[in-house]
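To start, the structure itself, in structure tokens.
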Amino acid sequence: MAKRTFKIWRGNAEGGEFVTYETDITEGMVVLDAIHQIQSESANDLAVRWNCKAGKCGSCSMEINGKPKLSCMTRMNSMPATGEIVIQPMKAFPVVKDLVCDVSYNYERNKMIPPFSPRPREADGTHRMVQDDVDRIQEFRKCLECFLCMDVCHVHRDHGKQKEFSGPRWMIRLASLEMHPLDIVDRIPLIKKEHGSGYCNITRCCTEVCPEHINITDNGIIPLKERVVDRFYDPIAMLMRKVFGPRKPHKKLPVIND
Amino acid sequence: MASSPETLPGGHIIGLGETRRKDNWWASPIMTVVYIGAALAYGTWAAFQGDHYQAGPYLTPLYSPTTLADPAAIGGAGGGYGHVWFGNFPSWWPSFIPASPALLILPLPGFLRLTCYYYRKAYYRSFMGTPPGCSVEGVLKGQYGGETKLFLWQNFHRYALYLALIYNVILFYDAGISFFYKGSFGVGVGSIILLVNASLLASYSFGCHSFRHLFGGRLDCFTCDSPSKAQHSTWKFATWFNERHMQVAWISLGFVMFTDIYIRSVSHGIIPDLNTWGANMSAAARPAAAALGL
């Protein structure tokens with residue numbers, strides 16, 4: 001058993017300060033365990049959001065020693081052996097109290113995305129698609145909505161461009177819809193204008209912090225940026241569309257032998 | 001309770017380079033600046049030399065393709081290997097600019113790397129500080145426009161790719177003819193280096209995000225018809241390289257410089273090239289093209 005020192009930010013949207021706590025750390029503890037222990041021992045009013053404690057609900061996002069992380073998945077033995085551990089709420093969202101942020105921006109942003117709209121059903125009344133076509137977008141379905149990617153994105157974090165750029169989580173949702181083999185909505189103009197794909201400068205911090213290891217930048221944002229280039233910046237692609245017309249949805253459907 | 005003036009609610013410090021991170025986040029940007037800076041410095045120096053860029057059948061990639069050549073250049077293109085495309089530099093070529101074929105060709109790979117989706121991360125972080133590290137405060141507070149304004153030209157990356165794919169073919173051609181010295185087949189250390197270099201640069205092109213998009217990624221359905229199925233294969237092929245794009249970007253950049261250093265050193269006679277022909281590839285053993293009347 002070893003005693004560790006935690007510097008936890010306490011306060012609300014008006015302001016606050018770091019308060020230092022000490023607690024005993026035993027083998028197997030994660031940072032959220034230590035916070036709960038501090039809560040029970042010396043700070044009953046410490047606000048922290050959590051739920052599953054298994055890295056699946058995405059509730060316990062915070063900044064641990066300056067890095068956006070899920071506190072339930074950050075093992076104490078992964079922390080530096082000495083020195084205090086600094087715990088803060090996420091920077092990109094308004095603080096409600098202590099470590100709890102108001103993440104409602106995300107739900108408002110989600111409303112701006114046209115929902116999944118499949119093409120008409122086939123003659124036998126089904127929708128058919130093949131695993132090869134959805135492999136790509138299944139990666140995006142792993143998203144926990146922990147919003148660590150939104151927190152680390154410097155476009156929001158440093159520059160406050162929440163209105164101009166929707167952020168990585170919503171680019172991933174847009175990618176999952178845009179690449180869906182059944183979906184027929186054209187979201188490319190929306191991705192460029194309302195969701196501001198051009199504001200991402202590919203610094204890949206979102207990918208680095210994703211607890212589900214979703215390759216947000218390479219598999220989501222860059223393919224969307226390339227589709228925006230097809231539509232708005234590539235003169236050859238634009239000329240081809242003028243001559244041959246826009247790409248039509250595939251008419252031939254895959255045949256599945258049951 | 002009140003926040004100190006330097007912090008935001010949440011205890012986040014305001015100011016360039018400020019962070020609560022305790023790891024050595026600055027090591028990666030510094031290494032990037034040193035590595036890319038060294039490659040840029042060496043490449044620029046080598047491009048302005050205008051000589052010692054060919055040793056026997058080996059042509060350094062910094063000077064390939066040799067569109068125009070200076071026949072008086074020691075260790076320049078010549079020897080009947082067909083490296084020179086359009087003859088000699090014109091007489092009106094300004095005297096204050098070295099008659100170096102590299103100056104005519106290097107802007108192309110330069111533009112490819114400048115607009116590359118991997119290198120954007122490297123230089124936006126390391127050279128421009130937007131941001132210098134993840135959860136580290138960067139520059140341009142409030143004025144940041146990303147790639148919507150000044151950096152709109154990043155959207156032309158695919159055009160650099162189209163040209164780079166041609167360039168890849170030329171480099172394999174150069175590697176191919178490096179296995180022939182005075183008409184006879186053989187192998188030299190230089191041939192192997194040129195082949196590895198061409199392979200690394202091709203791997204870099206195949207892993208390009210624009211390549212991956214154009215050759216399959218742009219489709220929503222990979223299985224709907226035969227062309228889509230073929231593009232699914234190329235997309236998977238590109239994805240394999242794309243997952244290694246960063247590593248290949250670093251290695252290929254360094255290897256181009258290494259290849260130039262090797263061929264330049266062989267041409268200068270600093271190091272001998274081990275080869276099956278038993279030939280001395282230094283420029284001293286090969287008069288300048290002008291002296292041969294080429």
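How things are named: the first chain in the structure tokens is A, the next is B, and so on; residues count from 1 in each chain; ligands count from 1 in the order shown.
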
Per residue of chain A within 6 Å of chain B, what are the shortest atom pair and its distance in Å to one decimal, counting only C-alpha atoms, with rows by chain and residue number, as a Markdown table?
```
| residue | atom | partner | partner_atom | distance |
| --- | --- | --- | --- | --- |
| A:Ala13 | CA | B:Pro9 | CA | 5.9 |
| A:Gly15 | CA | B:Pro9 | CA | 4.9 |
| A:Gly16 | CA | B:Met1 | CA | 5.2 |
| A:Asn65 | CA | B:Arg21 | CA | 5.1 |
| A:Gly66 | CA | B:Arg21 | CA | 4.1 |
| A:Gln88 | CA | B:Gly10 | CA | 5.8 |
| A:Pro89 | CA | B:Gly10 | CA | 5.6 |
| A:Asp133 | CA | B:Phe222 | CA | 5.6 |
| A:Val152 | CA | B:Ser135 | CA | 5.6 |
| A:His159 | CA | B:Gly142 | CA | 5.0 |
| A:Met179 | CA | B:Asp220 | CA | 4.8 |
| A:His180 | CA | B:Asp220 | CA | 5.9 |
| A:Pro181 | CA | B:Asp220 | CA | 4.9 |
| A:Gly198 | CA | B:Glu147 | CA | 4.9 |
| A:Tyr199 | CA | B:Gly146 | CA | 4.2 |
| A:Asn201 | CA | B:Gly146 | CA | 5.6 |
| A:Ile202 | CA | B:Lys121 | CA | 5.5 |
| A:Thr203 | CA | B:Lys121 | CA | 4.3 |
| A:Cys205 | CA | B:Cys134 | CA | 5.4 |
| A:Lys252 | CA | B:Cys224 | CA | 5.8 |
| A:Leu253 | CA | B:Cys224 | CA | 5.5 |
| A:Pro254 | CA | B:Cys224 | CA | 5.6 |
```

Expected file: the selected residues, N, CA and C atoms, as an mmCIF file, in the first residue's frame:
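Below you can see out19.cif, which holds the result:
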```
data_model
loop_
_atom_site.group_PDB
_atom_site.id
_atom_site.type_symbol
_atom_site.label_atom_id
_atom_site.label_comp_id
_atom_site.auth_asym_id
_atom_site.auth_seq_id
_atom_site.Cartn_x
_atom_site.Cartn_y
_atom_site.Cartn_z
ATOM 1 N N ALA A 13 -18.415 26.879 -12.985
ATOM 2 C CA ALA A 13 -18.157 27.711 -14.153
ATOM 3 C C ALA A 13 -17.620 29.091 -13.777
ATOM 4 N N GLY A 15 -15.413 29.677 -11.400
ATOM 5 C CA GLY A 15 -14.005 29.590 -11.008
ATOM 6 C C GLY A 15 -13.795 28.488 -9.994
ATOM 7 N N GLY A 16 -12.571 28.356 -9.560
ATOM 8 C CA GLY A 16 -12.292 27.302 -8.600
ATOM 9 C C GLY A 16 -10.810 27.220 -8.318
ATOM 10 N N ASN A 65 -3.213 14.297 -15.318
ATOM 11 C CA ASN A 65 -1.880 14.825 -15.628
ATOM 12 C C ASN A 65 -1.862 15.470 -17.018
ATOM 13 N N GLY A 66 -2.904 16.219 -17.279
ATOM 14 C CA GLY A 66 -2.968 17.004 -18.519
ATOM 15 C C GLY A 66 -3.443 16.261 -19.739
ATOM 16 N N GLN A 88 -8.315 17.116 -13.629
ATOM 17 C CA GLN A 88 -9.099 18.290 -14.031
ATOM 18 C C GLN A 88 -10.302 17.847 -14.858
ATOM 19 N N PRO A 89 -11.322 18.713 -14.925
ATOM 20 C CA PRO A 89 -12.409 18.433 -15.874
ATOM 21 C C PRO A 89 -11.913 18.704 -17.295
ATOM 22 N N ASP A 133 -18.815 -4.385 -47.203
ATOM 23 C CA ASP A 133 -19.217 -2.992 -47.365
ATOM 24 C C ASP A 133 -19.341 -2.252 -46.046
ATOM 25 N N VAL A 152 -9.766 17.022 -26.778
ATOM 26 C CA VAL A 152 -8.365 17.222 -27.149
ATOM 27 C C VAL A 152 -8.236 18.004 -28.459
ATOM 28 N N HIS A 159 -9.057 27.213 -29.747
ATOM 29 C CA HIS A 159 -9.544 28.302 -30.599
ATOM 30 C C HIS A 159 -11.036 28.574 -30.436
ATOM 31 N N MET A 179 -20.514 6.736 -45.676
ATOM 32 C CA MET A 179 -19.922 5.548 -46.307
ATOM 33 C C MET A 179 -20.882 4.358 -46.269
ATOM 34 N N HIS A 180 -22.053 4.547 -45.718
ATOM 35 C CA HIS A 180 -22.957 3.408 -45.576
ATOM 36 C C HIS A 180 -23.492 2.977 -46.941
ATOM 37 N N PRO A 181 -23.430 1.691 -47.262
ATOM 38 C CA PRO A 181 -23.836 1.248 -48.606
ATOM 39 C C PRO A 181 -25.327 1.433 -48.892
ATOM 40 N N GLY A 198 -12.974 21.544 -43.137
ATOM 41 C CA GLY A 198 -11.714 22.223 -43.434
ATOM 42 C C GLY A 198 -10.986 22.719 -42.195
ATOM 43 N N TYR A 199 -11.678 22.804 -41.076
ATOM 44 C CA TYR A 199 -11.007 23.283 -39.868
ATOM 45 C C TYR A 199 -10.080 22.235 -39.254
ATOM 46 N N ASN A 201 -6.999 20.136 -39.075
ATOM 47 C CA ASN A 201 -5.695 20.176 -39.745
ATOM 48 C C ASN A 201 -4.885 18.904 -39.459
ATOM 49 N N ILE A 202 -5.590 17.808 -39.210
ATOM 50 C CA ILE A 202 -4.988 16.467 -39.252
ATOM 51 C C ILE A 202 -3.859 16.314 -38.242
ATOM 52 N N THR A 203 -3.981 16.916 -37.078
ATOM 53 C CA THR A 203 -2.891 16.734 -36.109
ATOM 54 C C THR A 203 -3.081 15.473 -35.259
ATOM 55 N N CYS A 205 -4.636 14.275 -32.751
ATOM 56 C CA CYS A 205 -4.743 14.108 -31.304
ATOM 57 C C CYS A 205 -5.996 13.309 -30.956
ATOM 58 N N LYS A 252 -27.168 -2.619 -59.433
ATOM 59 C CA LYS A 252 -27.014 -4.059 -59.242
ATOM 60 C C LYS A 252 -26.812 -4.332 -57.759
ATOM 61 N N LEU A 253 -27.581 -5.178 -57.229
ATOM 62 C CA LEU A 253 -27.477 -5.477 -55.817
ATOM 63 C C LEU A 253 -26.789 -6.820 -55.624
ATOM 64 N N PRO A 254 -26.074 -6.975 -54.548
ATOM 65 C CA PRO A 254 -25.397 -8.250 -54.343
ATOM 66 C C PRO A 254 -26.395 -9.402 -54.176
#
```

(message) Going by DSSP on the backbone, which residues of range 71-180 of chain B come out as helix (DSSP H, G or I)? List them as a ChimeraX atom specification.
(response) /B:101-105,107-115,117-126,152-177

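Contact shell of Ala284 in chain B at 12 Å (only C-alpha atoms; same-chain neighbours under 2 positions omitted): His52, Gln54, Ala55, Gly56, Ile74, Gly75, Gly76, Val266, Ser267, His268, Gly269, Ile270, Pro272, Asn280, Met281, Ser282, Arg286, Pro287 and Ala288 of chain B.
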
C-alpha atoms of the current selection, written as an mmCIF file, in the first residue's frame:
```cif
data_model
loop_
_atom_site.group_PDB
_atom_site.id
_atom_site.type_symbol
_atom_site.label_atom_id
_atom_site.label_comp_id
_atom_site.auth_asym_id
_atom_site.auth_seq_id
_atom_site.Cartn_x
_atom_site.Cartn_y
_atom_site.Cartn_z
ATOM 1 C CA HIS B 52 28.476 14.379 -58.808
ATOM 2 C CA GLN B 54 25.677 10.198 -61.329
ATOM 3 C CA ALA B 55 28.170 7.422 -60.659
ATOM 4 C CA GLY B 56 28.372 4.880 -63.472
ATOM 5 C CA ILE B 74 31.802 16.642 -63.161
ATOM 6 C CA GLY B 75 29.924 13.508 -62.205
ATOM 7 C CA GLY B 76 26.916 14.759 -64.152
ATOM 8 C CA VAL B 266 31.002 7.112 -54.954
ATOM 9 C CA SER B 267 31.223 9.780 -57.650
ATOM 10 C CA HIS B 268 33.684 11.784 -55.553
ATOM 11 C CA GLY B 269 35.750 8.628 -55.051
ATOM 12 C CA ILE B 270 35.306 8.854 -51.276
ATOM 13 C CA PRO B 272 34.184 2.539 -53.714
ATOM 14 C CA ASN B 280 35.430 2.041 -60.542
ATOM 15 C CA MET B 281 32.301 4.237 -60.597
ATOM 16 C CA SER B 282 33.975 7.468 -59.478
ATOM 17 C CA ARG B 286 34.714 8.910 -66.191
ATOM 18 C CA PRO B 287 35.426 12.224 -67.889
ATOM 19 C CA ALA B 288 32.628 14.787 -67.999
#
```

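Between Ile184 in chain A and the residues A:Thr26, A:Ser117, A:Ser71, A:Ser40, the shortest atom-to-atom distance, using only C-alpha atoms, involves A:Ser117.
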
(request) Give the strand (DSSP E or B) residues of range 55-253 of chain A, as DSSP finds them on the backbone, and put them as a list in words. (result)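 After running DSSP on the backbone, range 55-253 of chain A has strand (DSSP E or B) at Ser61, Met62, Glu63, Ile64, Lys67, Pro68, Lys69, Leu70, Arg75, Ile85, Val86, Ile87, Gln88, Val95, Val96, Lys97, Val100, Cys101, Pro118 and Asp183 of chain A.
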
Can I get the selection written as a PDB file, in the first residue's frame, with N, CA, C and O atoms?
```
ATOM      1  N   SER A  61     -14.865  10.728 -18.372  1.00  0.00           N
ATOM      2  CA  SER A  61     -13.798  11.450 -19.075  1.00  0.00           C
ATOM      3  C   SER A  61     -13.314  12.626 -18.233  1.00  0.00           C
ATOM      4  O   SER A  61     -14.126  13.375 -17.681  1.00  0.00           O
ATOM      5  N   MET A  62     -12.021  12.773 -18.164  1.00  0.00           N
ATOM      6  CA  MET A  62     -11.425  13.910 -17.447  1.00  0.00           C
ATOM      7  C   MET A  62      -9.983  14.047 -17.911  1.00  0.00           C
ATOM      8  O   MET A  62      -9.525  13.290 -18.777  1.00  0.00           O
ATOM      9  N   GLU A  63      -9.270  14.999 -17.374  1.00  0.00           N
ATOM     10  CA  GLU A  63      -7.863  15.160 -17.748  1.00  0.00           C
ATOM     11  C   GLU A  63      -6.988  14.753 -16.585  1.00  0.00           C
ATOM     12  O   GLU A  63      -7.110  15.305 -15.481  1.00  0.00           O
ATOM     13  N   ILE A  64      -6.154  13.765 -16.841  1.00  0.00           N
ATOM     14  CA  ILE A  64      -5.296  13.215 -15.800  1.00  0.00           C
ATOM     15  C   ILE A  64      -3.861  13.546 -16.165  1.00  0.00           C
ATOM     16  O   ILE A  64      -3.387  13.151 -17.238  1.00  0.00           O
ATOM     17  N   LYS A  67      -3.664  14.954 -19.629  1.00  0.00           N
ATOM     18  CA  LYS A  67      -4.084  14.183 -20.800  1.00  0.00           C
ATOM     19  C   LYS A  67      -5.546  13.765 -20.670  1.00  0.00           C
ATOM     20  O   LYS A  67      -5.930  13.221 -19.630  1.00  0.00           O
ATOM     21  N   PRO A  68      -6.336  13.968 -21.731  1.00  0.00           N
ATOM     22  CA  PRO A  68      -7.723  13.501 -21.682  1.00  0.00           C
ATOM     23  C   PRO A  68      -7.765  11.972 -21.632  1.00  0.00           C
ATOM     24  O   PRO A  68      -7.183  11.296 -22.495  1.00  0.00           O
ATOM     25  N   LYS A  69      -8.428  11.448 -20.618  1.00  0.00           N
ATOM     26  CA  LYS A  69      -8.481   9.987 -20.426  1.00  0.00           C
ATOM     27  C   LYS A  69      -9.792   9.588 -19.767  1.00  0.00           C
ATOM     28  O   LYS A  69     -10.424  10.400 -19.107  1.00  0.00           O
ATOM     29  N   LEU A  70     -10.128   8.301 -19.892  1.00  0.00           N
ATOM     30  CA  LEU A  70     -11.193   7.726 -19.082  1.00  0.00           C
ATOM     31  C   LEU A  70     -10.569   7.347 -17.744  1.00  0.00           C
ATOM     32  O   LEU A  70      -9.627   6.549 -17.706  1.00  0.00           O
ATOM     33  N   ARG A  75      -4.962   3.016 -15.149  1.00  0.00           N
ATOM     34  CA  ARG A  75      -4.489   2.287 -13.975  1.00  0.00           C
ATOM     35  C   ARG A  75      -3.506   3.142 -13.187  1.00  0.00           C
ATOM     36  O   ARG A  75      -2.710   3.879 -13.766  1.00  0.00           O
ATOM     37  N   ILE A  85      -0.656  13.696  -8.655  1.00  0.00           N
ATOM     38  CA  ILE A  85      -1.434  13.401  -9.864  1.00  0.00           C
ATOM     39  C   ILE A  85      -2.490  14.492  -9.999  1.00  0.00           C
ATOM     40  O   ILE A  85      -3.272  14.720  -9.062  1.00  0.00           O
ATOM     41  N   VAL A  86      -2.462  15.178 -11.140  1.00  0.00           N
ATOM     42  CA  VAL A  86      -3.355  16.326 -11.344  1.00  0.00           C
ATOM     43  C   VAL A  86      -4.609  15.863 -12.078  1.00  0.00           C
ATOM     44  O   VAL A  86      -4.527  15.243 -13.136  1.00  0.00           O
ATOM     45  N   ILE A  87      -5.763  16.155 -11.488  1.00  0.00           N
ATOM     46  CA  ILE A  87      -7.045  15.754 -12.073  1.00  0.00           C
ATOM     47  C   ILE A  87      -7.868  17.011 -12.373  1.00  0.00           C
ATOM     48  O   ILE A  87      -8.074  17.839 -11.484  1.00  0.00           O
ATOM     49  N   GLN A  88      -8.315  17.116 -13.629  1.00  0.00           N
ATOM     50  CA  GLN A  88      -9.099  18.290 -14.031  1.00  0.00           C
ATOM     51  C   GLN A  88     -10.302  17.847 -14.858  1.00  0.00           C
ATOM     52  O   GLN A  88     -10.280  16.783 -15.486  1.00  0.00           O
ATOM     53  N   VAL A  95     -17.617  23.804 -17.383  1.00  0.00           N
ATOM     54  CA  VAL A  95     -17.649  23.048 -16.118  1.00  0.00           C
ATOM     55  C   VAL A  95     -19.002  23.236 -15.454  1.00  0.00           C
ATOM     56  O   VAL A  95     -19.522  24.346 -15.395  1.00  0.00           O
ATOM     57  N   VAL A  96     -19.562  22.151 -14.947  1.00  0.00           N
ATOM     58  CA  VAL A  96     -20.768  22.241 -14.124  1.00  0.00           C
ATOM     59  C   VAL A  96     -20.327  22.311 -12.662  1.00  0.00           C
ATOM     60  O   VAL A  96     -20.578  23.288 -11.963  1.00  0.00           O
ATOM     61  N   LYS A  97     -19.614  21.285 -12.237  1.00  0.00           N
ATOM     62  CA  LYS A  97     -19.067  21.280 -10.865  1.00  0.00           C
ATOM     63  C   LYS A  97     -17.897  20.306 -10.808  1.00  0.00           C
ATOM     64  O   LYS A  97     -18.013  19.180 -11.313  1.00  0.00           O
ATOM     65  N   VAL A 100     -17.177  17.488 -13.375  1.00  0.00           N
ATOM     66  CA  VAL A 100     -18.328  17.242 -14.269  1.00  0.00           C
ATOM     67  C   VAL A 100     -18.501  18.404 -15.238  1.00  0.00           C
ATOM     68  O   VAL A 100     -18.518  19.565 -14.828  1.00  0.00           O
ATOM     69  N   CYS A 101     -18.602  18.056 -16.521  1.00  0.00           N
ATOM     70  CA  CYS A 101     -18.764  19.077 -17.569  1.00  0.00           C
ATOM     71  C   CYS A 101     -20.153  18.980 -18.191  1.00  0.00           C
ATOM     72  O   CYS A 101     -20.789  17.930 -18.161  1.00  0.00           O
ATOM     73  N   PRO A 118     -32.161   4.926 -45.707  1.00  0.00           N
ATOM     74  CA  PRO A 118     -31.802   3.874 -46.656  1.00  0.00           C
ATOM     75  C   PRO A 118     -32.547   4.016 -47.976  1.00  0.00           C
ATOM     76  O   PRO A 118     -33.615   4.625 -48.038  1.00  0.00           O
ATOM     77  N   ASP A 183     -27.298   3.970 -47.412  1.00  0.00           N
ATOM     78  CA  ASP A 183     -27.761   5.346 -47.210  1.00  0.00           C
ATOM     79  C   ASP A 183     -27.720   6.140 -48.518  1.00  0.00           C
ATOM     80  O   ASP A 183     -26.797   5.989 -49.321  1.00  0.00           O
TER      81      ASP A 183
END
```

(request) Excluding Phe206 in chain B and residues on its chain fewer than 6 positions from it, collect all residues at most 12 Å away from it, counting only C-alpha atoms, and give them as number ranges by chain. (result) B: 161-162, 164-165, 168, 199-200, 212-215, 234-245, 248-249

Mind writing the picked residues with N, CA and C atoms as a tab-separated table (two decimals), in the first residue's frame?
```
chain	number	residue	atom	x	y	z
B	161	LEU	N	0.05	13.67	-56.13
B	161	LEU	CA	0.10	12.20	-56.17
B	161	LEU	C	0.15	11.69	-57.60
B	162	TYR	N	-0.69	12.25	-58.47
B	162	TYR	CA	-0.71	11.78	-59.87
B	162	TYR	C	0.70	11.88	-60.46
B	164	ALA	N	3.48	12.08	-58.77
B	164	ALA	CA	4.41	11.22	-58.02
B	164	ALA	C	4.34	9.78	-58.53
B	165	LEU	N	3.17	9.35	-58.96
B	165	LEU	CA	3.07	7.97	-59.47
B	165	LEU	C	3.91	7.81	-60.75
B	168	ASN	N	7.41	7.62	-59.61
B	168	ASN	CA	7.74	6.28	-59.11
B	168	ASN	C	8.18	5.36	-60.24
B	199	SER	N	11.46	1.36	-54.22
B	199	SER	CA	10.41	0.58	-53.55
B	199	SER	C	9.82	1.35	-52.38
B	200	LEU	N	10.69	2.01	-51.61
B	200	LEU	CA	10.20	2.78	-50.47
B	200	LEU	C	9.32	3.94	-50.93
B	212	ARG	N	-5.63	6.05	-51.61
B	212	ARG	CA	-6.60	5.14	-51.00
B	212	ARG	C	-8.04	5.57	-51.32
B	213	HIS	N	-8.24	6.87	-51.36
B	213	HIS	CA	-9.58	7.38	-51.68
B	213	HIS	C	-9.90	7.19	-53.16
B	214	LEU	N	-8.97	7.60	-54.00
B	214	LEU	CA	-9.25	7.61	-55.44
B	214	LEU	C	-9.38	6.20	-56.01
B	215	PHE	N	-8.64	5.26	-55.43
B	215	PHE	CA	-8.66	3.89	-55.97
B	215	PHE	C	-9.58	2.99	-55.15
B	234	THR	N	-8.02	-2.83	-54.47
B	234	THR	CA	-6.98	-1.79	-54.44
B	234	THR	C	-7.10	-0.98	-53.14
B	235	TRP	N	-8.32	-0.82	-52.65
B	235	TRP	CA	-8.51	-0.08	-51.39
B	235	TRP	C	-7.87	-0.85	-50.24
B	236	LYS	N	-8.04	-2.17	-50.23
B	236	LYS	CA	-7.43	-2.97	-49.16
B	236	LYS	C	-5.90	-2.94	-49.26
B	237	PHE	N	-5.42	-3.00	-50.52
B	237	PHE	CA	-3.98	-2.91	-50.78
B	237	PHE	C	-3.45	-1.57	-50.25
B	238	ALA	N	-4.14	-0.49	-50.60
B	238	ALA	CA	-3.70	0.84	-50.15
B	238	ALA	C	-3.82	0.98	-48.65
B	239	THR	N	-4.84	0.34	-48.08
B	239	THR	CA	-5.04	0.44	-46.63
B	239	THR	C	-3.85	-0.18	-45.88
B	240	TRP	N	-3.35	-1.29	-46.41
B	240	TRP	CA	-2.19	-1.94	-45.77
B	240	TRP	C	-1.01	-0.97	-45.71
B	241	PHE	N	-0.77	-0.30	-46.81
B	241	PHE	CA	0.34	0.68	-46.83
B	241	PHE	C	-0.02	1.91	-46.00
B	242	ASN	N	-1.30	2.30	-46.05
B	242	ASN	CA	-1.74	3.50	-45.34
B	242	ASN	C	-1.52	3.37	-43.84
B	243	GLU	N	-1.72	2.14	-43.33
B	243	GLU	CA	-1.53	1.92	-41.89
B	243	GLU	C	-0.06	2.10	-41.50
B	244	ARG	N	0.83	2.07	-42.48
B	244	ARG	CA	2.26	2.23	-42.23
B	244	ARG	C	2.81	3.52	-42.84
B	245	HIS	N	1.88	4.43	-43.18
B	245	HIS	CA	2.28	5.61	-43.95
B	245	HIS	C	3.29	6.48	-43.20
B	248	VAL	N	6.73	4.80	-43.25
B	248	VAL	CA	7.31	4.83	-44.60
B	248	VAL	C	7.70	6.27	-44.97
B	249	ALA	N	6.89	7.23	-44.53
B	249	ALA	CA	7.21	8.64	-44.82
B	249	ALA	C	8.58	9.00	-44.23
```

(message) When you look at range 35-42 of chain B with a cut-off of 8 Å (counting only C-alpha atoms), what residues show up, excluding the ones that are within fewer than 5 positions of it in the same chain? I need them as a list in words.
(response) Leu253, Gly254 and Met257 of chain B

(request) May I have the residues within 8 Å of Arg10 in chain A as a list in words, using only C-alpha atoms and disregarding those fewer than 2 positions away in the same chain? (result)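 Answer for this query is Ile8, Asn12, Gly16, Glu17, Phe18, Val19, Leu46, Lys97, Asp98 and Leu99 of chain A; Gly10 of chain B.
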
Using N, CA and C atoms, can you write the selected residues to a file as an mmCIF file, in the first residue's frame?
```cif
data_model
loop_
_atom_site.group_PDB
_atom_site.id
_atom_site.type_symbol
_atom_site.label_atom_id
_atom_site.label_comp_id
_atom_site.auth_asym_id
_atom_site.auth_seq_id
_atom_site.Cartn_x
_atom_site.Cartn_y
_atom_site.Cartn_z
ATOM 1 N N ILE A 8 -6.814 17.851 -7.166
ATOM 2 C CA ILE A 8 -8.083 17.786 -7.902
ATOM 3 C C ILE A 8 -8.695 19.179 -7.992
ATOM 4 N N ASN A 12 -16.654 25.591 -10.059
ATOM 5 C CA ASN A 12 -17.739 25.560 -11.040
ATOM 6 C C ASN A 12 -17.407 26.529 -12.176
ATOM 7 N N GLY A 16 -12.571 28.356 -9.560
ATOM 8 C CA GLY A 16 -12.292 27.302 -8.600
ATOM 9 C C GLY A 16 -10.810 27.220 -8.318
ATOM 10 N N GLU A 17 -10.393 26.139 -7.703
ATOM 11 C CA GLU A 17 -8.970 25.994 -7.384
ATOM 12 C C GLU A 17 -8.640 24.506 -7.221
ATOM 13 N N PHE A 18 -7.362 24.230 -7.231
ATOM 14 C CA PHE A 18 -6.928 22.857 -6.988
ATOM 15 C C PHE A 18 -6.908 22.603 -5.484
ATOM 16 N N VAL A 19 -7.410 21.439 -5.096
ATOM 17 C CA VAL A 19 -7.368 21.027 -3.697
ATOM 18 C C VAL A 19 -6.563 19.732 -3.639
ATOM 19 N N LEU A 46 -17.419 15.999 -3.611
ATOM 20 C CA LEU A 46 -16.670 16.030 -4.878
ATOM 21 C C LEU A 46 -17.542 15.448 -5.997
ATOM 22 N N LYS A 97 -19.614 21.285 -12.237
ATOM 23 C CA LYS A 97 -19.067 21.280 -10.865
ATOM 24 C C LYS A 97 -17.897 20.306 -10.808
ATOM 25 N N ASP A 98 -16.825 20.726 -10.233
ATOM 26 C CA ASP A 98 -15.619 19.901 -10.046
ATOM 27 C C ASP A 98 -15.204 19.217 -11.342
ATOM 28 N N LEU A 99 -15.399 17.903 -11.428
ATOM 29 C CA LEU A 99 -14.916 17.173 -12.599
ATOM 30 C C LEU A 99 -16.025 16.930 -13.625
ATOM 31 N N GLY B 10 -11.585 25.019 -14.415
ATOM 32 C CA GLY B 10 -11.061 23.693 -14.706
ATOM 33 C C GLY B 10 -9.567 23.633 -14.427
#
```

(message) When you look at Ile137 in chain A with a cut-off of 12 Å (counting only C-alpha atoms), what residues show up, excluding the ones that are within fewer than 2 positions of it in the same chain? I need them as a count of residues only.
(response) 29
